[in-house]
Amino acid sequence: MPTDTLNSLGEIAATNTWGAIYPEMILGCLALFLLVLEVVLPKFAHGAIPRIAILGQILLLGYIVVFDPSGCCNGVAFGGMIELSGTGQALRIFFLLASIFVSYLAMVSFENKTLARVEYFAITLVVTGALSLMAMANHFVMLFVALETATVGFYVLVSYFRQNVLSLEAGLKYLIMGALSSAILLFGIVLLYGAASNPALAGSSEDAMNFQNLRAFLEANPTDSLAIIGMLLVISGVAFKIGAFPFQIWIPDVYQGAPVSTTAFLAVSSKAAGFAVLLTLVKTFAPLSSVLVPVLTGIAALTILFGNFAALTQRNLKRLIGLSGVSHAGFLLIGVIAAQAVPQATNWVLFYLFAYLLGSMAVFAVFAHLPKVWDSDLELDDLGDMAKRNGFLGIALAIGIGSLAGIPPLAGFIGKFLIFVAAFKAELYVLLGVGIVGVVISIYYYFGVIKAAFFEVWRFTDEDEEAEAAPALPGATLTGLGKLTIVVAIAGSVVLGFFQGPLGSWLSGQ
Amino acid sequence: MNDSVSLLHFAIAIPLLAAFATLWAGKLGRPAVQIVSVTGFALPTLLAIFAWVSYNPEVAGGYDFVTRHNTGLEAVGISLHLGLNGVALPLFVMAAVVGLAAGLYAAQSKAENLSRYLFCLLVMQSGLMGVFASIDVFFFYFFHELALIPTFVMVGVWGGRERSYAAMKMTIYLTLGAMLSLAGLIALYVKSGAESFDLITLKAHLAAAPLSDTVSTYAFGLLLFGFGILVSLWPLHTWAPLGYGAAPSSAAMLHAGVLKKFGLYGLIQIAVPLIPGGVGQWEGWIIWLALGNVVIVGLVTMAQRDLKQMLGYSSVMHMGYAFLGIAAMSVIGVSGAVIMMVAHGLTVALLFMLSTMIHHRTQTFEMEEMGGLSKKAPVLSAFFVCGMMASIALPGPGLANFWGEFGIFVSLWQFKPWVLCVAATGIIISAIYALRAIARVFFGTESEDFQEVQKEHTVIDMTWAERVPALILIIVLFFIGFFPKTISSSLNDALESEPVYATTEAEQGGSH
Amino acid sequence: MTVGLEQYIAVSAALFAIGFFGVLRRKNTLVIYMCLELMLNACNLGLIAFSRYHGGMSGSVFVFFTITVAAAEVAVGLAIIVALFRKRQTVQVPDLNALKN
């Protein structure tokens with residue numbers, strides 16, 4: 001083998017800063033460790049395995065937050081495969097936090113079922129690691145492999161309740177839609193690669209799938225039609241993942257059928273990873289923004305309107321939250337578009353994601369605790385009389401829904417507020433107007449949830465006749481760990497709404 | 001940059017802490033709930049009165065008790081900047097007094113889940129104190145929403161008939177209003193170039209470089225209609241009578257009395273001084289819509305048979321006068337509007353409370369089904385007559401409302417005499433419905449329905465638990481009526497320091 | 001006629017389109033799955049063609065990843081289809097309609 005190839009391989013190997021991706025490696029090792037435990041531990045001790053998974057993640061998260069909050073190093077590593085940055089580190093914390101909540105939700109919703117349990121937690125860990133790498137990807141190969149690792153994991157997680165037809169059907173739908181979107185994304189990558197590796201064009205590169213090289217090529221050839229088609233296909237593939245219009249069709253069915261923990265995982269982590277990729281791609285495709293921005297603007301406006309209007313008529317809780325999540329994706333898209341003109345908006349999008357995480361997790365935790373054999377059957381009526389059945393869950397639901405609706409003084413409000421400021425600064429007036437309409441519509445169905453949970457049965461002393469006709473709904477019980485988990489979610493929503501303290505300078509992008 | 005803690009922090013924090021303490025006290029029984037919650041209402045009132053007495057109008061910039069804290073968004077231009085000027089002070093005091101009365105009345109009521117009800121009310125009170133104490137526009141909005149959310153919950157959970165629909169309608173209307181005004185405020189933040197939500201900073205920036213005509217048109221339009229929905233500007237007022245009709249009395253007292261003034265306060269303190277050109281561009285709209293409030297809603301009020309609905313419509317009608325006072329843009333008109341906001345807040349709270357007391361005795365809000373109550377409950381009727389007289393601004397026994405409307409009418413005479421002529425018909429309309437309501441409810445013969453009700457319930461006069469909150473409101477109303485200078489002198493100083501009001505005053509004074 | 005880059009890409013795009021419309025139009029889940037694989041292989045063909053004609057190895061290397069990913073997808077996907085068939089005795093899309101409003 002010629003020496004110069006060896007030398008260049010040596011150079012690349014020198015950038016393999018394994019220390020920089022220790023959280024992902026630990027997650028992978030933890031997943032394997034869980035599988036080993038299942039073999040080693042006696043059957044009666046298997047109940048401890050989910051707890052070990054959660055504990056391991058909490059320790060890892062604690063270590064990162066306390067000792068390594070801003071990441072060890074910035075810059076490109078692994079021969080251009082990943083880029084380490086503050087944004088990547090924030091998302092890493094995000095995915096870990098979400099994964100802890102998801103593991104807890106899974107623990108709760110598996111309690112009364114006969115299922116293989118350990119695999120769920122192992123797959124959750126692997127998927128979390130993959131999402132985190134996806135957020136740091138700086139190369140289409142890395143992006144695709146991480147994305148597929150996560151997606152294949154999600155196929156399993158969605159259809160995990162294999163006694164339940166709804167779960168399997170949701171799994172199949174997610175499988176087809178996920179594979180279709182991956183194929184579209186891949187074909188987009190092929191076209192971009194084909195355009196940017198053409199030696200006849202200025203700025204072409206042998207390693208055209210690297211984002212920096214691709215951007216350099218696009219700057220030199222901003223009107224290359226092959227590249228523009230490729231970009232649109234890649235954006236379509238990502239739009240599938242975030243559930244943006246018109247690629248949101250899978251969302252209601254899959255969200256309804258999947259186990260509640262997987263629904264939460266999809267709604268929060270998968271969507272956030274999609275946005276992380278989109279933020280990177282928007283930077284990479286900046287030279288083509290004359291095509292990209294109008295496309296994204298149209299998608300964002302339609303996503304907000306479609307998500308909100310479709311959610312208006314839903315009675316199934318998980319469909320409703322899923323479609324409300326579609327409108328959240330629209331708001332986040334506004335932030336992503338604005339981020340091109342307003343640099344701080346990148347961090348505002350991340351703040352919105354954190355607020356969305358905390359609000360969603362509180363809501364999904366309530367769903368997981370409601371007594372129902374399969375959570376895919378949960379309807380608005382199942383929320384009735386929350387305040388009397390379990391006041392604590394009632395408060396959690398109210399705060400979670402309030403934060404998703406963007407009501408002050410909760411974190412969701414600050415998130416929406418910052419997105420609006422960003423939109424104004426970037427002069428996206430149409431999107432701002434659509435956003436305002438969207439908020440007003442969304443209040444209607446979020447209010448419907450609150451109404452179902454608190455208003456319907458709970459009556460003023462004067463007019464009590466109807467209240468007695470309604471059947472009493474079963475109470476819901478919580479363990480200490482459950483209370484703690486929910487308290488973290490709702491306290492986070494409240495505190496981030498009032499006081500952003502140390503996040504302040506991060507939010508202003510300094 | 002963090003200053004020391006001021007009394008304004010306590011006025012905001014005490015109700016909030018008391019709210020959670022009340023929730024906790026729910027386990028200890030009714031007396032504990034009552035003591036904790038009333039303390040939560042009384043302490044801010046004492047602080048507010050202390051602020052009123054010790055307010056120093058000579059301070060630089062016109063704001064006393066100023067304090068500023070970074071909550072984390074300082075780099076984005078948001079900080080918890082509190083202070084009171086001559087415009088905010090009377091409203092701040094009024095919020096505290098109405099809150100105390102509503103709290104006292106709620107604490108003795110028979111509402112189901114009393115501790116949760118008082119929790120909502122105390123959170124609302126905390127937000128109300130914050131609204132008028134904020135110099136930072138972001139927190140001004142933030143505290144408004146903090147007070148607004150419990151209102152929806154109280155209407156939806158503890159409300160009367162049609163409460164679910166009323167709560168839904170209120171939520172959607174008021175969210176729309178709030179979102180529009182938020183868009184307007186963000187427009188100011190971005191377009192002024194100040195990159196700050198601090199009112200003083202914004203003012204300095206906009207004084208140096210006013211907004212261009214286009215920007216000022218749409219920014220003022222957003223604020224006008226956003227705030228307008230919140231203040232029930234005609235024809236966007238339909239949520240108000242429905243909502244107040246369904247709301248439990250304490251919630252209606254706090255919302256109609258205090259929270260609704262948020263929009264007017266926002267126009268007086270933020271929109272007009274920051275966008276002086278905006279009023280001129282939207283002048284026709286403001287005048288016609290406000291006249292719609294006075295005349296059309298006034299006529300609708302006359303047609304009401306339900307006492308609580310009538311009060312709801314009459315409160316919508318009076319907002320029209322306040323808009324007209326602002327449209328005149330003179331010191332006397334705006335100060336009249338502020339005095340009327342204060343007086344109206346006290347009066348409407350009193351009337352909503354009394355109407356619920358009447359309901360307890362007659363078991364109905366239908367005025368046709370009442371009559372002759374004055375024989376059974378003379379004290380109640382005396383209070384009600386007094387409240388109604390105040391509400392229609394009778395220039396008699398030292399009631400504060402008169403000074404407010406008087407100021408507004410004088411300014412309208414200087415501004416556009418024809419507007420005054422149309423608006424004055426409102427006086428006749430309100431006199432008719434007020435006197436008719438008094439006559440139907442308290443005097444005349446007892447209706448058959450009322451006699452039926454009396455067979456099952458003995459009708460008693462007001463108890464002391466009911467009299468105390470009513471007395472508090474009446475006393476403050478009379479005090480301001482007899483000594484209007486206690487609020488108007490610092491109010492006028494504050495308004496004269498605003499170039500927009502002072503110059504308009506000089507021009508109009510010169511031409512007449 | 002010589003076969004050049006354009007012909008390869010045309011075939012690749014045609015295969016991709018056939019796969020895409022197959023996914024949208026066909027009713028049998030297994031056929032849909034084959035169409036998905038066809039789309040992935042169309043991408044592979046495109047990658048290799050570009051890699052060969054433009055020089056550089058990264059396209060060819062990517063193909064190995066794609067093949068691996070496709071294999072993993074098939075393993076999981078067929079498992080889901082089999083599990084669903086055991087529950088419902090059908091793999092026809094119109095029959096799988098338990099999830100709806």
# chains A, B, ... in the order shown; residues from 1 in each chain; ligands from 1

call {"tool": "residues_around", "arguments": {"residues": "segment 66-70 of chain C", "least_positions_apart": "2", "cutoff": "10 Å", "atoms": "only C-alpha atoms", "output": "NGL selection string"}}
result
(:A and (141 or 144-145 or 148-149 or 152 or 179 or 183 or 186)) or (:C and (36-37 or 40-41 or 43-44 or 61-64 or 72-75))

call {"tool": "closest_atom_pairs", "arguments": {"of": "chain A", "to": "chain C", "cutoff": "6 Å", "atoms": "only C-alpha atoms", "output": "Markdown table"}}
result
| residue | atom | partner | partner_atom | distance |
| --- | --- | --- | --- | --- |
| A:Leu168 | CA | C:Leu84 | CA | 5.9 |
| A:Ala183 | CA | C:Leu40 | CA | 5.7 |
| A:Phe187 | CA | C:Cys43 | CA | 5.4 |
| A:Val190 | CA | C:Leu47 | CA | 5.7 |
| A:Gly194 | CA | C:Phe50 | CA | 5.4 |
| A:Asn198 | CA | C:His54 | CA | 5.4 |
| A:Glu206 | CA | C:Gly56 | CA | 5.0 |
| A:Asp253 | CA | C:Leu99 | CA | 5.8 |

call {"tool": "select_by_dssp", "arguments": {"residues": "chain C", "states": "alpha helix (DSSP H)", "output": "ChimeraX atom specification"}}
result
/C:5-25,29-54,58-88

call {"tool": "write_last_selection", "arguments": {"atoms": "C-alpha atoms", "output": "short mmCIF file (atom, residue, chain, number, x, y, z; two decimals), in the first residue's frame"}}
result
data_model
loop_
_atom_site.label_atom_id
_atom_site.label_comp_id
_atom_site.auth_asym_id
_atom_site.auth_seq_id
_atom_site.Cartn_x
_atom_site.Cartn_y
_atom_site.Cartn_z
CA LEU C 5 -22.81 8.03 -16.14
CA GLU C 6 -26.10 9.44 -17.42
CA GLN C 7 -27.43 5.99 -18.29
CA TYR C 8 -26.53 4.61 -14.87
CA ILE C 9 -28.21 7.49 -13.12
CA ALA C 10 -31.27 7.19 -15.33
CA VAL C 11 -31.60 3.53 -14.40
CA SER C 12 -31.07 4.36 -10.78
CA ALA C 13 -33.73 7.09 -10.86
CA ALA C 14 -36.13 4.77 -12.72
CA LEU C 15 -35.65 2.01 -10.16
CA PHE C 16 -36.18 4.52 -7.36
CA ALA C 17 -39.38 5.79 -8.97
CA ILE C 18 -40.67 2.24 -9.53
CA GLY C 19 -39.99 1.46 -5.89
CA PHE C 20 -41.57 4.69 -4.69
CA PHE C 21 -44.81 4.24 -6.62
CA GLY C 22 -44.85 0.58 -5.66
CA VAL C 23 -44.84 1.56 -2.00
CA LEU C 24 -47.70 3.96 -2.60
CA ARG C 25 -49.81 1.71 -4.84
CA THR C 29 -47.11 -5.64 2.75
CA LEU C 30 -44.41 -7.99 1.48
CA VAL C 31 -44.49 -6.43 -1.97
CA ILE C 32 -44.30 -2.98 -0.38
CA TYR C 33 -41.28 -4.21 1.49
CA MET C 34 -39.64 -5.38 -1.72
CA CYS C 35 -40.30 -1.98 -3.23
CA LEU C 36 -38.55 -0.35 -0.29
CA GLU C 37 -35.54 -2.58 -0.87
CA LEU C 38 -35.65 -1.65 -4.53
CA MET C 39 -35.42 2.03 -3.57
CA LEU C 40 -32.38 1.36 -1.39
CA ASN C 41 -30.72 -0.58 -4.18
CA ALA C 42 -31.44 2.21 -6.65
CA CYS C 43 -29.52 4.45 -4.28
CA ASN C 44 -26.67 1.94 -4.18
CA LEU C 45 -26.45 1.90 -7.94
CA GLY C 46 -26.35 5.69 -8.02
CA LEU C 47 -23.64 5.83 -5.39
CA ILE C 48 -21.41 3.37 -7.19
CA ALA C 49 -21.90 5.04 -10.54
CA PHE C 50 -21.01 8.47 -9.19
CA SER C 51 -18.11 7.05 -7.25
CA ARG C 52 -16.70 5.27 -10.30
CA TYR C 53 -17.11 8.14 -12.76
CA HIS C 54 -16.14 11.01 -10.45
CA SER C 58 -16.51 7.53 -0.37
CA GLY C 59 -19.54 6.61 -2.50
CA SER C 60 -18.42 3.01 -2.81
CA VAL C 61 -17.73 2.80 0.91
CA PHE C 62 -21.16 4.21 1.69
CA VAL C 63 -22.71 1.31 -0.22
CA PHE C 64 -21.41 -1.15 2.37
CA PHE C 65 -23.17 0.80 5.09
CA THR C 66 -26.38 0.93 3.09
CA ILE C 67 -26.36 -2.80 2.51
CA THR C 68 -25.81 -3.45 6.20
CA VAL C 69 -28.57 -1.05 7.17
CA ALA C 70 -30.95 -2.65 4.67
CA ALA C 71 -30.17 -6.08 6.11
CA ALA C 72 -30.95 -4.89 9.63
CA GLU C 73 -34.15 -3.30 8.42
CA VAL C 74 -35.25 -6.51 6.72
CA ALA C 75 -34.58 -8.55 9.85
CA VAL C 76 -36.73 -6.34 12.03
CA GLY C 77 -39.33 -5.60 9.40
CA LEU C 78 -40.03 -9.24 8.52
CA ALA C 79 -40.31 -10.04 12.22
CA ILE C 80 -43.00 -7.42 12.60
CA ILE C 81 -44.83 -8.60 9.50
CA VAL C 82 -44.75 -12.22 10.71
CA ALA C 83 -45.98 -11.23 14.18
CA LEU C 84 -48.79 -9.24 12.65
CA PHE C 85 -49.71 -12.13 10.33
CA ARG C 86 -49.96 -14.49 13.28
CA LYS C 87 -52.37 -12.10 14.98
CA ARG C 88 -54.48 -11.08 12.01
#

call {"tool": "atom_distance", "arguments": {"atom1": "atom CA of Ile35 of chain B", "atom2": "atom CA of Gln125 of chain B"}}
result
16.4 Å

call {"tool": "closest_residue", "arguments": {"among": "B:Val76, B:Phe220, B:Val36, B:Val66", "to": "Asp3 of chain B", "atoms": "only C-alpha atoms"}}
result
B:Val66
